[in-house]
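Here's target27.txt, which has compact mmCIF, C-alpha atoms:
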```
# COMPACT_ATOMS: atom_id res chain seq x y z
CA MET A 56 29.39 -5.98 15.83
CA LYS A 57 31.52 -5.11 12.83
CA SER A 58 30.32 -6.04 9.39
CA SER A 59 32.64 -8.22 7.33
CA ASN A 60 31.42 -6.28 4.30
CA PHE A 61 33.53 -3.25 5.25
CA SER A 62 37.25 -3.10 4.47
CA VAL A 63 40.10 -0.77 3.45
CA ASN A 64 42.01 -0.69 0.19
CA ASN A 65 44.61 1.88 -0.90
CA GLY A 66 43.59 4.11 1.98
CA HIS A 67 39.92 4.17 0.96
CA LEU A 68 36.90 2.79 2.81
CA ILE A 69 35.43 -0.14 0.87
CA ILE A 70 31.86 -1.42 1.30
CA ASN A 71 31.08 -4.80 -0.22
CA GLY A 72 33.95 -4.43 -2.67
CA LEU A 73 33.04 -0.89 -3.73
CA ASP A 74 35.17 2.18 -3.09
CA THR A 75 33.20 4.83 -1.18
CA VAL A 76 35.28 7.59 -2.77
CA GLU A 77 34.19 6.38 -6.21
CA LEU A 78 30.58 6.02 -5.09
CA ALA A 79 30.57 9.63 -3.87
CA ARG A 80 32.09 10.73 -7.17
CA LYS A 81 29.44 8.81 -9.12
CA TYR A 82 26.34 9.78 -7.12
CA GLY A 83 27.41 12.98 -5.39
CA SER A 84 27.31 13.84 -1.72
CA PRO A 85 25.83 13.69 0.79
CA LEU A 86 24.99 10.05 0.09
CA TYR A 87 23.55 7.15 2.05
CA ILE A 88 25.10 3.77 1.26
CA ILE A 89 23.19 0.64 2.32
CA CYS A 90 24.81 -2.81 2.23
CA GLU A 91 22.29 -5.50 1.31
CA ASP A 92 24.49 -8.38 2.43
CA THR A 93 24.75 -6.96 5.95
CA ILE A 94 20.95 -6.67 6.20
CA ARG A 95 20.50 -10.29 5.19
CA GLU A 96 23.19 -11.42 7.64
CA ARG A 97 21.61 -9.58 10.56
CA PHE A 98 18.12 -10.89 9.81
CA ARG A 99 19.37 -14.44 9.54
CA GLU A 100 21.11 -14.10 12.90
CA PHE A 101 17.76 -13.30 14.50
CA ARG A 102 15.90 -16.02 12.64
CA SER A 103 18.48 -18.63 13.61
CA ALA A 104 18.60 -17.59 17.27
CA PHE A 105 14.86 -18.19 17.69
CA SER A 106 14.45 -21.17 15.35
CA GLY A 107 13.99 -23.53 18.30
CA VAL A 108 10.46 -22.24 18.98
CA LYS A 109 7.51 -21.17 16.85
CA SER A 110 8.59 -17.64 16.03
CA ASP A 111 8.46 -14.82 13.52
CA ILE A 112 10.74 -11.83 13.05
CA TYR A 113 8.83 -8.61 12.33
CA TYR A 114 11.11 -5.85 11.08
CA ALA A 115 10.43 -2.49 12.80
CA MET A 116 9.91 -0.50 9.63
CA LYS A 117 10.39 2.89 11.29
CA ALA A 118 14.14 2.20 11.41
CA ASN A 119 14.39 2.45 7.63
CA GLY A 120 11.39 2.19 5.34
CA ASN A 121 13.05 2.18 1.94
CA LEU A 122 11.13 -0.04 -0.49
CA ALA A 123 14.25 -1.96 -1.49
CA ILE A 124 14.99 -2.84 2.14
CA LEU A 125 11.42 -4.07 2.60
CA LYS A 126 11.75 -6.25 -0.51
CA ILE A 127 15.03 -7.67 0.80
CA LEU A 128 13.54 -8.54 4.17
CA GLY A 129 10.31 -9.81 2.66
CA SER A 130 12.36 -12.24 0.57
CA GLU A 131 13.90 -13.48 3.82
CA GLY A 132 10.44 -14.18 5.27
CA ALA A 133 10.20 -11.15 7.55
CA GLY A 134 6.98 -9.63 8.78
CA VAL A 135 6.82 -5.94 9.67
CA ASP A 136 5.79 -3.71 12.54
CA VAL A 137 4.22 -0.56 11.07
CA PHE A 138 3.35 2.70 12.80
CA SER A 139 1.28 4.63 10.27
CA ALA A 140 -0.97 4.26 7.26
CA GLY A 141 1.99 5.26 5.11
CA GLU A 142 4.15 2.47 6.49
CA LEU A 143 1.29 0.00 6.06
CA TYR A 144 0.81 1.11 2.46
CA MET A 145 4.49 0.60 1.69
CA ALA A 146 4.59 -2.80 3.39
CA LEU A 147 1.62 -3.99 1.34
CA LEU A 148 3.11 -2.46 -1.81
CA THR A 149 6.24 -4.57 -1.44
CA GLY A 150 4.27 -7.77 -0.95
CA ILE A 151 4.87 -8.38 2.75
CA ASN A 152 2.45 -11.08 3.93
CA ARG A 153 -0.44 -9.14 5.53
CA GLU A 154 -0.83 -11.93 8.09
CA LYS A 155 2.63 -10.93 9.33
CA ILE A 156 1.96 -7.20 9.69
CA LEU A 157 1.23 -5.60 13.06
CA PHE A 158 -0.15 -2.04 13.05
CA ASN A 159 1.32 -0.46 16.15
CA GLY A 160 0.91 3.05 17.58
CA ASN A 161 -0.56 4.99 20.48
CA SER A 162 -2.71 7.50 18.56
CA LYS A 163 -4.14 6.04 15.37
CA THR A 164 -6.72 7.99 13.39
CA ASP A 165 -10.06 6.48 12.37
CA ARG A 166 -8.82 6.58 8.77
CA GLU A 167 -5.78 4.50 9.74
CA LEU A 168 -7.91 2.02 11.65
CA LYS A 169 -10.25 1.63 8.67
CA PHE A 170 -7.26 1.01 6.43
CA ALA A 171 -5.94 -1.63 8.83
CA ILE A 172 -9.31 -3.39 9.04
CA SER A 173 -9.86 -3.37 5.28
CA SER A 174 -6.30 -4.59 4.72
CA GLY A 175 -6.79 -7.53 7.05
CA VAL A 176 -3.82 -6.77 9.29
CA THR A 177 -3.68 -7.11 13.05
CA VAL A 178 -3.90 -3.93 15.12
CA SER A 179 -1.95 -3.52 18.33
CA VAL A 180 -4.58 -1.67 20.38
CA ASP A 181 -3.16 0.91 22.77
CA SER A 182 -6.20 2.05 24.79
CA ILE A 183 -9.84 1.36 25.61
CA ASP A 184 -10.80 4.32 23.43
CA GLU A 185 -9.02 2.69 20.52
CA LEU A 186 -10.74 -0.65 21.20
CA ASN A 187 -14.13 1.03 21.05
CA SER A 188 -13.21 2.88 17.86
CA LEU A 189 -11.91 -0.28 16.23
CA SER A 190 -15.10 -2.16 17.05
CA LYS A 191 -17.34 0.64 15.78
CA LEU A 192 -15.41 1.03 12.55
CA ALA A 193 -15.35 -2.72 11.92
CA ALA A 194 -19.15 -2.76 12.29
CA GLU A 195 -19.47 0.12 9.82
CA LEU A 196 -17.33 -1.80 7.35
CA ASP A 197 -19.22 -5.04 8.01
CA ALA A 198 -15.89 -6.65 8.77
CA ARG A 199 -13.99 -8.27 11.60
CA ALA A 200 -10.96 -6.63 13.19
CA SER A 201 -7.99 -8.64 14.45
CA LEU A 202 -6.18 -7.24 17.45
CA ALA A 203 -3.61 -7.62 20.14
CA PHE A 204 -3.30 -5.30 23.12
CA ARG A 205 -0.08 -3.45 23.79
CA VAL A 206 0.93 -3.72 27.42
CA ASN A 207 2.90 -1.16 29.38
CA PRO A 208 4.85 -3.60 31.57
CA ASP A 209 6.39 -0.91 33.84
CA ILE A 210 9.97 -1.97 33.12
CA SER A 211 12.84 0.49 32.96
CA PRO A 212 15.77 -0.46 30.71
CA GLU A 213 19.08 1.37 30.80
CA THR A 214 18.72 3.45 27.67
CA HIS A 215 18.03 7.04 26.64
CA PRO A 216 14.79 8.30 28.28
CA LYS A 217 13.37 9.33 24.91
CA ILE A 218 13.52 5.73 23.64
CA SER A 219 12.41 4.00 26.84
CA THR A 220 8.90 2.87 25.94
CA GLY A 221 7.93 0.40 28.66
CA ILE A 222 8.25 2.55 31.78
CA ARG A 223 5.15 3.41 33.82
CA THR A 224 5.10 7.05 32.64
CA SER A 225 5.41 6.18 28.93
CA LYS A 226 2.66 7.18 26.50
CA PHE A 227 2.66 3.66 25.07
CA GLY A 228 0.49 0.74 26.07
CA ILE A 229 -2.24 -0.19 28.52
CA PRO A 230 -1.07 -0.28 32.15
CA HIS A 231 -0.03 -3.77 33.16
CA ASP A 232 -2.60 -3.94 35.96
CA ASP A 233 -5.49 -3.02 33.62
CA VAL A 234 -4.78 -5.41 30.80
CA LEU A 235 -6.78 -8.38 32.04
CA LYS A 236 -10.07 -6.49 32.19
CA VAL A 237 -9.52 -5.04 28.71
CA TYR A 238 -9.29 -8.53 27.24
CA GLY A 239 -12.61 -9.25 28.94
CA MET A 240 -14.12 -6.18 27.30
CA ALA A 241 -12.84 -7.20 23.88
CA LYS A 242 -14.22 -10.72 24.24
CA GLU A 243 -17.74 -9.31 24.53
CA LEU A 244 -17.50 -7.53 21.16
CA ASP A 245 -18.97 -9.49 18.24
CA ASN A 246 -16.76 -8.13 15.48
CA ILE A 247 -13.37 -8.48 17.22
CA ASP A 248 -10.90 -11.35 16.84
CA ILE A 249 -8.38 -11.46 19.67
CA LYS A 250 -5.08 -12.71 18.31
CA GLY A 251 -2.31 -11.88 20.75
CA ILE A 252 -0.54 -9.66 23.22
CA HIS A 253 2.25 -7.17 22.66
CA CYS A 254 4.82 -5.12 24.54
CA HIS A 255 7.91 -3.07 23.74
CA ILE A 256 10.20 -1.88 26.50
CA GLY A 257 12.59 0.42 24.64
CA SER A 258 15.33 0.79 22.07
CA GLN A 259 19.14 0.54 22.02
CA ILE A 260 19.17 -1.84 25.02
CA LEU A 261 22.57 -3.38 25.75
CA LYS A 262 21.83 -5.00 29.15
CA LEU A 263 19.49 -7.87 28.45
CA ASP A 264 18.13 -8.83 31.89
CA VAL A 265 15.15 -6.49 31.39
CA PHE A 266 13.98 -8.68 28.50
CA GLY A 267 13.77 -11.58 30.92
CA GLU A 268 11.71 -9.47 33.29
CA ALA A 269 9.37 -8.55 30.45
CA MET A 270 9.00 -12.17 29.38
CA VAL A 271 7.99 -13.23 32.90
CA LYS A 272 5.32 -10.53 33.08
CA MET A 273 3.98 -11.23 29.62
CA MET A 274 3.78 -15.01 30.02
CA ASP A 275 2.03 -14.50 33.37
CA LEU A 276 -0.54 -12.36 31.55
CA VAL A 277 -0.97 -14.97 28.82
CA GLU A 278 -1.77 -17.52 31.53
CA LEU A 279 -4.18 -15.22 33.37
CA ILE A 280 -6.04 -14.41 30.15
CA ARG A 281 -6.40 -18.13 29.38
CA ASP A 282 -7.62 -18.96 32.87
CA GLU A 283 -9.99 -15.99 33.23
CA TYR A 284 -11.55 -15.91 29.76
CA ASP A 285 -10.66 -19.26 28.17
CA LEU A 286 -8.71 -17.34 25.51
CA GLU A 287 -5.74 -19.08 23.90
CA LEU A 288 -3.66 -16.27 22.42
CA GLU A 289 -2.05 -17.07 19.09
CA PHE A 290 1.02 -14.92 19.58
CA LEU A 291 3.14 -13.09 22.12
CA ASP A 292 5.03 -10.13 20.65
CA ILE A 293 7.89 -9.25 22.99
CA GLY A 294 8.94 -6.24 20.88
CA GLY A 295 12.41 -5.23 19.81
CA GLY A 296 15.09 -3.01 21.31
CA LEU A 297 18.31 -5.00 20.99
CA GLY A 298 21.07 -2.41 20.82
CA ILE A 299 24.24 -2.15 18.77
CA PRO A 300 27.75 -0.95 19.71
CA TYR A 301 27.85 2.61 18.42
CA HIS A 302 31.02 3.12 20.48
CA GLU A 303 33.84 0.68 19.83
CA ASP A 304 33.92 -0.27 23.52
CA ASP A 305 30.14 -0.78 23.87
CA PRO A 306 28.94 -4.27 24.74
CA ALA A 307 27.67 -6.06 21.65
CA PRO A 308 24.90 -8.49 22.61
CA THR A 309 23.71 -10.75 19.81
CA PRO A 310 20.32 -12.29 19.02
CA GLU A 311 21.69 -15.52 20.48
CA ASP A 312 22.42 -13.68 23.74
CA LEU A 313 18.85 -12.35 23.72
CA ALA A 314 17.49 -15.83 23.07
CA ASP A 315 19.55 -17.19 25.96
CA VAL A 316 17.77 -14.73 28.27
CA ILE A 317 14.16 -15.07 27.16
CA LEU A 318 13.75 -18.55 25.68
CA PRO A 319 14.36 -20.50 28.90
CA ILE A 320 11.61 -18.44 30.57
CA PHE A 321 9.31 -18.83 27.58
CA LYS A 322 9.84 -22.59 27.35
CA ASP A 323 9.53 -23.15 31.11
CA LYS A 324 6.27 -21.17 31.32
CA SER A 325 4.92 -22.95 28.24
CA ALA A 326 5.73 -26.37 29.69
CA LYS A 327 4.12 -25.57 33.05
CA THR A 328 0.95 -24.01 31.65
CA GLY A 329 0.50 -25.92 28.42
CA ILE A 330 0.37 -22.57 26.59
CA SER A 331 2.64 -22.11 23.60
CA PRO A 332 1.90 -18.93 21.61
CA ARG A 333 3.96 -18.01 18.59
CA LEU A 334 6.79 -15.72 19.71
CA ILE A 335 7.27 -12.52 17.70
CA LEU A 336 10.28 -10.22 17.89
CA GLU A 337 10.52 -6.74 16.35
CA PRO A 338 14.16 -5.85 15.64
CA GLY A 339 14.77 -2.71 13.63
CA ARG A 340 18.04 -1.06 14.56
CA TYR A 341 19.90 -4.37 14.84
CA ILE A 342 18.85 -5.41 11.35
CA VAL A 343 19.82 -2.28 9.42
CA ALA A 344 21.97 0.08 11.51
CA ASP A 345 25.44 -1.15 10.61
CA SER A 346 24.42 -1.73 7.00
CA GLY A 347 24.38 2.02 6.44
CA VAL A 348 27.00 4.73 6.00
CA LEU A 349 26.38 8.42 5.42
CA LEU A 350 29.04 9.93 3.16
CA CYS A 351 29.58 13.68 3.36
CA ARG A 352 32.05 16.07 1.79
CA VAL A 353 34.17 18.56 3.74
CA ASN A 354 33.27 22.13 2.80
CA THR A 355 35.56 23.93 5.20
CA VAL A 356 38.01 23.53 8.08
CA LYS A 357 37.78 26.41 10.53
CA ARG A 358 40.12 26.96 13.46
CA ALA A 359 38.35 28.80 16.29
CA HIS A 360 38.04 27.81 19.96
CA LYS A 361 37.80 24.35 18.40
CA THR A 362 38.74 23.11 14.98
CA PHE A 363 35.43 22.77 13.16
CA VAL A 364 35.01 20.61 10.08
CA GLY A 365 31.99 21.79 8.12
CA THR A 366 30.36 19.14 5.91
CA ASP A 367 27.52 19.07 3.39
CA ALA A 368 25.36 16.87 5.70
CA GLY A 369 23.77 18.02 8.91
CA PHE A 370 20.95 17.05 11.22
CA ASN A 371 18.61 17.42 8.25
CA LEU A 372 20.02 14.04 7.16
CA LEU A 373 21.13 12.54 10.48
CA ALA A 374 19.08 13.79 13.40
CA ARG A 375 20.16 11.32 16.09
CA PRO A 376 23.19 13.27 17.39
CA MET A 377 21.07 16.38 17.93
CA ILE A 378 17.97 14.62 19.34
CA TYR A 379 19.62 12.02 21.57
CA ASN A 380 23.18 13.30 21.83
CA ALA A 381 23.91 10.05 20.01
CA TYR A 382 27.40 8.95 19.10
CA HIS A 383 28.32 7.72 15.62
CA ARG A 384 31.83 6.73 14.63
CA ILE A 385 33.26 8.96 11.91
CA LEU A 386 36.01 7.99 9.48
CA VAL A 387 37.93 9.91 6.85
CA ALA A 388 36.99 7.66 3.96
CA ASN A 389 39.83 8.77 1.69
CA ARG A 390 42.54 8.67 4.43
CA MET A 391 41.90 5.28 6.07
CA ASP A 392 45.62 4.47 6.10
CA GLN A 393 46.61 7.63 7.98
CA PRO A 394 46.89 7.92 11.78
CA PRO A 395 44.98 10.45 13.91
CA ALA A 396 46.59 13.87 13.65
CA GLU A 397 44.21 16.37 15.21
CA THR A 398 41.02 16.74 17.24
CA TYR A 399 38.05 17.93 15.21
CA THR A 400 34.39 18.73 15.80
CA ILE A 401 32.30 17.68 12.80
CA VAL A 402 29.39 20.01 12.05
CA GLY A 403 26.76 20.41 9.36
CA PRO A 404 25.49 23.36 7.31
CA ILE A 405 22.21 23.84 9.21
CA CYS A 406 21.39 27.16 10.88
CA GLU A 407 21.30 25.69 14.39
CA SER A 408 24.02 25.54 17.04
CA GLY A 409 23.01 21.96 17.74
CA ASP A 410 23.99 20.82 14.25
CA ILE A 411 26.95 18.79 15.51
CA LEU A 412 27.55 15.33 14.07
CA GLY A 413 30.59 14.45 16.15
CA GLU A 414 32.43 16.35 18.86
CA ASP A 415 36.15 16.21 19.70
CA ARG A 416 37.11 13.35 17.38
CA ASN A 417 40.73 12.34 16.87
CA LEU A 418 41.05 11.90 13.14
CA PRO A 419 43.66 12.03 10.38
CA ARG A 420 44.46 15.47 8.99
CA ILE A 421 41.34 16.80 7.26
CA GLU A 422 41.23 19.22 4.35
CA LYS A 423 38.51 20.78 2.23
CA GLY A 424 37.26 18.18 -0.26
CA ASP A 425 37.92 15.15 1.93
CA LEU A 426 35.18 12.55 2.30
CA LEU A 427 33.84 11.57 5.72
CA ALA A 428 31.94 8.37 6.46
CA ILE A 429 29.51 8.36 9.38
CA LEU A 430 28.91 4.77 10.45
CA ASP A 431 25.88 2.86 11.72
CA THR A 432 23.42 5.17 10.01
CA GLY A 433 21.25 2.54 8.34
CA ALA A 434 18.72 2.86 11.16
CA TYR A 435 17.01 6.16 12.00
CA GLY A 436 19.14 7.99 9.47
CA PHE A 437 17.24 8.77 6.30
CA SER A 438 13.97 7.72 7.97
CA MET A 439 14.24 10.71 10.34
CA SER A 440 15.56 13.16 7.77
CA SER A 441 13.90 16.42 6.78
CA GLN A 442 14.06 19.32 4.35
CA TYR A 443 14.87 21.83 7.07
CA ASN A 444 16.53 25.00 5.76
CA GLN A 445 14.97 24.00 2.42
CA ARG A 446 17.69 21.45 1.74
CA PRO A 447 16.75 18.59 -0.59
CA ARG A 448 17.36 15.14 0.83
CA CYS A 449 20.18 13.04 -0.57
CA ALA A 450 20.22 9.86 -2.64
CA GLU A 451 20.39 6.31 -1.30
CA VAL A 452 22.45 3.60 -2.97
CA LEU A 453 22.27 -0.15 -2.36
CA VAL A 454 25.46 -2.19 -2.69
CA SER A 455 25.57 -5.96 -3.02
CA GLY A 456 27.98 -8.44 -4.54
CA GLY A 457 30.24 -5.69 -5.83
CA HIS A 458 27.40 -3.86 -7.59
CA ASP A 459 25.78 -0.52 -6.78
CA GLU A 460 22.16 0.44 -7.49
CA LEU A 461 20.31 3.69 -6.91
CA ILE A 462 17.33 3.01 -4.62
CA ARG A 463 16.31 6.62 -3.95
CA GLU A 464 17.01 9.59 -6.16
CA GLU A 465 18.47 12.77 -4.76
CA GLU A 466 15.72 15.34 -4.35
CA ALA A 467 15.76 18.37 -6.61
CA VAL A 468 15.11 21.93 -5.49
CA GLY A 469 11.74 21.65 -7.21
CA ASP A 470 10.74 18.89 -4.80
CA LEU A 471 10.81 21.46 -2.01
CA ILE A 472 7.70 23.14 -3.38
CA ALA A 473 5.77 19.96 -4.21
CA GLY A 474 2.16 20.37 -3.09
CA GLN A 475 2.51 24.05 -2.26
CA THR A 476 0.27 26.72 -3.81
CA ILE A 477 0.24 30.48 -3.63
CA PRO A 478 -3.28 31.95 -3.22
CA ASP A 479 -4.34 34.06 -6.21
CA ARG A 480 -4.69 37.14 -4.00
CA LEU A 481 -0.94 37.02 -3.31
CA LEU A 482 0.05 36.87 -6.97
```

Written as structure tokens, that's how I'd like the structure from this file.
Amino acid sequence: MKSSNFSVNNGHLIINGLDTVELARKYGSPLYIICEDTIRERFREFRSAFSGVKSDIYYAMKANGNLAILKILGSEGAGVDVFSAGELYMALLTGINREKILFNGNSKTDRELKFAISSGVTVSVDSIDELNSLSKLAAELDARASLAFRVNPDISPETHPKISTGIRTSKFGIPHDDVLKVYGMAKELDNIDIKGIHCHIGSQILKLDVFGEAMVKMMDLVELIRDEYDLELEFLDIGGGLGIPYHEDDPAPTPEDLADVILPIFKDKSAKTGISPRLILEPGRYIVADSGVLLCRVNTVKRAHKTFVGTDAGFNLLARPMIYNAYHRILVANRMDQPPAETYTIVGPICESGDILGEDRNLPRIEKGDLLAILDTGAYGFSMSSQYNQRPRCAEVLVSGGHDELIREEEAVGDLIAGQTIPDRLL
């Protein structure tokens, strides 16, 4: 999966007609660049792949929650999967249809549940405790609460253990064998509207057979719920998780490939049972990952037991390499026409030995002042960033149709102390 919006001109990396070297000069570095056209292309790929059935695409907002991205996807007709009151607030702020918002999460506070109920969004309930809390709070608000139950389907995809969410030992979801009785419990509650059923088996999945396994289990549950409780569920949310090729030689499954795996099962089960819920998918990474590039400036080149390239961005801005040992391709944005000349390890300025952005990379000759581009950072890049070491977070710029627009200002040093107070006794 390589975006057509990326190219090379005069040895410089170009994104949607704009020179990354000039963008870094204009806005400073580090700098996140987001390509709007790529986001729209990826969303439309998903929408087209599942257009043959009643379906909705809910963007997994945790991948990148910038307001501009939400507005872009909302204009395309996307719903959203949110995981906190903050994400819900931002989704509502940007005008996302509240009927297409699912409030997910395994440990919601009562305040968050009240916000969800009063906002009229559907809650993906993760436990019996949460069901009881939701019912009690809805009664206190004299309102009705819409819900689905999140199922732990006990399916193990081939992905990093920290992003495998559907295995038996995961913290997410109600065990597959307990789900039926929980629907029975919910049906007895007067202020609860049962809307659907939900699962999510993991993230960055490149082998798609596990999605077929999940679809079989979920459609079997839909049938059992109908037969046992005479409940016709409105939707089946099969989650997200479609991976992208971070390595050049990774497989690159498409939404069409995913549809080819799950839609035959979905259609066959629907035809046999007469049950046809709306199918919801929750892509996040696939929609935004390759739209984003993190630009960073080289501060130093140090020859030790390895040749280290020290940049002005570290795991404070891109945490994935440290957390997951994740791989991101790295380019020398101002030397795109030069061949590899040396093996470098790219590191950040953070006071941690794990602050390594890329290890043993064969790249063109690098000097102080060069500009590096770290690819596929549109997902879980800025959204996982921090102010560790008291470093302000960088700006974000949206590019589209040859134009660039600032969509998040660079933080100032003063932002580091926002909300802090010193007790009078310490003054």

Practice item. Measuring atom to atom with all atoms listed in the file, identify which of A:Lys81, A:Ile330, A:Arg390, A:Asp232 is nearest to Leu68 in chain A. Key: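 Looking at the shortest contact to Leu68 in chain A, the residue is A:Arg390.
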
Practice item. Would you mind listing what lies within 7 Å of range 146-156 of chain A as a PyMOL selection string, with only C-alpha atoms counted and same-chain residues fewer than 3 positions away left out? Key: chain A and resi 122+125-126+129+134-136+142-143+175-177

Review point. Excluding same-chain residues fewer than 3 positions from Gly369 in chain A, what lies within 6 Å of it counting all atoms listed in the file, as a ChimeraX atom specification?
Key: /A:372,403-404

Review point. Rounded to one decimal in Å, what is the spacing between CA of Val353 in chain A and CA of Leu426 in chain A?
Key: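 It comes out at 6.3 Å.
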
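Distance cut-off 12 Å, centre (21.3, -16.9, 24.5), atoms counted all atoms listed in the file; the residues meeting this are Glu100, Phe101, Ser103, Ala104, Phe105, Gly107, Leu263, Asp264, Phe266, Gly267, Pro308, Thr309, Pro310, Glu311, Asp312, Leu313, Ala314, Asp315, Val316, Ile317, Leu318, Pro319 and Ile320 of chain A.
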
Revision key, fill the gap. For Asn121 in chain A, the closest of A:Lys357, A:Asp431, A:Val343, A:Arg166 counting only C-alpha atoms is A:Val343

Exercise for review: Can you pull out every residue within 6 Å of range 453-462 of chain A, counting all atoms listed in the file, but drop anything in the same chain fewer than 4 positions away, and send it as JSON, numbers by chain?
Suggested key: {"A": [71, 72, 73, 89, 90, 91]}

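Restricting the calculation to only C-alpha atoms, the smallest distance between Lys423 in chain A and any of A:Ser438, A:Ile411, A:Asn371, A:Gly365 is found for A:Gly365.
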
Practice item. Give the answer as one residue: which of A:Asp415, A:Glu96, A:Lys327, A:Arg384 has the shortest atom-to-atom distance to His360 in chain A, using only C-alpha atoms? Key: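 For His360 in chain A, the nearest of the given residues is A:Asp415.
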
Practice item. Find the residues near Val387 in chain A: any atom within 8 Å, counting all atoms listed in the file, skip ones fewer than 2 places away on the same chain, and give them as a list in words. Key: Ile385, Asn389, Arg390, Met391, Leu418, Pro419, Ile421, Asp425, Leu426, Leu427 and Ala428 of chain A

Regenerate range 446-457 of chain A at the level of N, CA and C atoms and dump it as a PDB file, keeping the file's coordinate frame.
```pdb
ATOM      1  N   ARG A 446      16.613  22.243   2.337  1.00  0.00           N
ATOM      2  CA  ARG A 446      17.690  21.450   1.740  1.00  0.00           C
ATOM      3  C   ARG A 446      17.118  20.143   1.216  1.00  0.00           C
ATOM      4  N   PRO A 447      17.227  19.867  -0.058  1.00  0.00           N
ATOM      5  CA  PRO A 447      16.750  18.590  -0.590  1.00  0.00           C
ATOM      6  C   PRO A 447      17.476  17.415   0.061  1.00  0.00           C
ATOM      7  N   ARG A 448      16.752  16.323   0.231  1.00  0.00           N
ATOM      8  CA  ARG A 448      17.360  15.140   0.830  1.00  0.00           C
ATOM      9  C   ARG A 448      18.205  14.390  -0.206  1.00  0.00           C
ATOM     10  N   CYS A 449      19.172  13.651   0.296  1.00  0.00           N
ATOM     11  CA  CYS A 449      20.180  13.040  -0.570  1.00  0.00           C
ATOM     12  C   CYS A 449      19.694  11.706  -1.144  1.00  0.00           C
ATOM     13  N   ALA A 450      20.501  11.154  -2.024  1.00  0.00           N
ATOM     14  CA  ALA A 450      20.220   9.860  -2.640  1.00  0.00           C
ATOM     15  C   ALA A 450      20.585   8.731  -1.685  1.00  0.00           C
ATOM     16  N   GLU A 451      20.018   7.546  -1.989  1.00  0.00           N
ATOM     17  CA  GLU A 451      20.390   6.310  -1.300  1.00  0.00           C
ATOM     18  C   GLU A 451      20.829   5.304  -2.354  1.00  0.00           C
ATOM     19  N   VAL A 452      21.903   4.596  -2.052  1.00  0.00           N
ATOM     20  CA  VAL A 452      22.450   3.600  -2.970  1.00  0.00           C
ATOM     21  C   VAL A 452      22.591   2.279  -2.243  1.00  0.00           C
ATOM     22  N   LEU A 453      22.158   1.210  -2.901  1.00  0.00           N
ATOM     23  CA  LEU A 453      22.270  -0.150  -2.360  1.00  0.00           C
ATOM     24  C   LEU A 453      23.474  -0.820  -2.989  1.00  0.00           C
ATOM     25  N   VAL A 454      24.311  -1.445  -2.161  1.00  0.00           N
ATOM     26  CA  VAL A 454      25.460  -2.190  -2.690  1.00  0.00           C
ATOM     27  C   VAL A 454      25.309  -3.658  -2.307  1.00  0.00           C
ATOM     28  N   SER A 455      25.659  -4.521  -3.245  1.00  0.00           N
ATOM     29  CA  SER A 455      25.570  -5.960  -3.020  1.00  0.00           C
ATOM     30  C   SER A 455      26.396  -6.687  -4.064  1.00  0.00           C
ATOM     31  N   GLY A 456      27.207  -7.624  -3.605  1.00  0.00           N
ATOM     32  CA  GLY A 456      27.980  -8.440  -4.540  1.00  0.00           C
ATOM     33  C   GLY A 456      28.860  -7.647  -5.471  1.00  0.00           C
ATOM     34  N   GLY A 457      29.377  -6.511  -4.999  1.00  0.00           N
ATOM     35  CA  GLY A 457      30.240  -5.690  -5.830  1.00  0.00           C
ATOM     36  C   GLY A 457      29.521  -4.803  -6.807  1.00  0.00           C
TER      37      GLY A 457
END
```
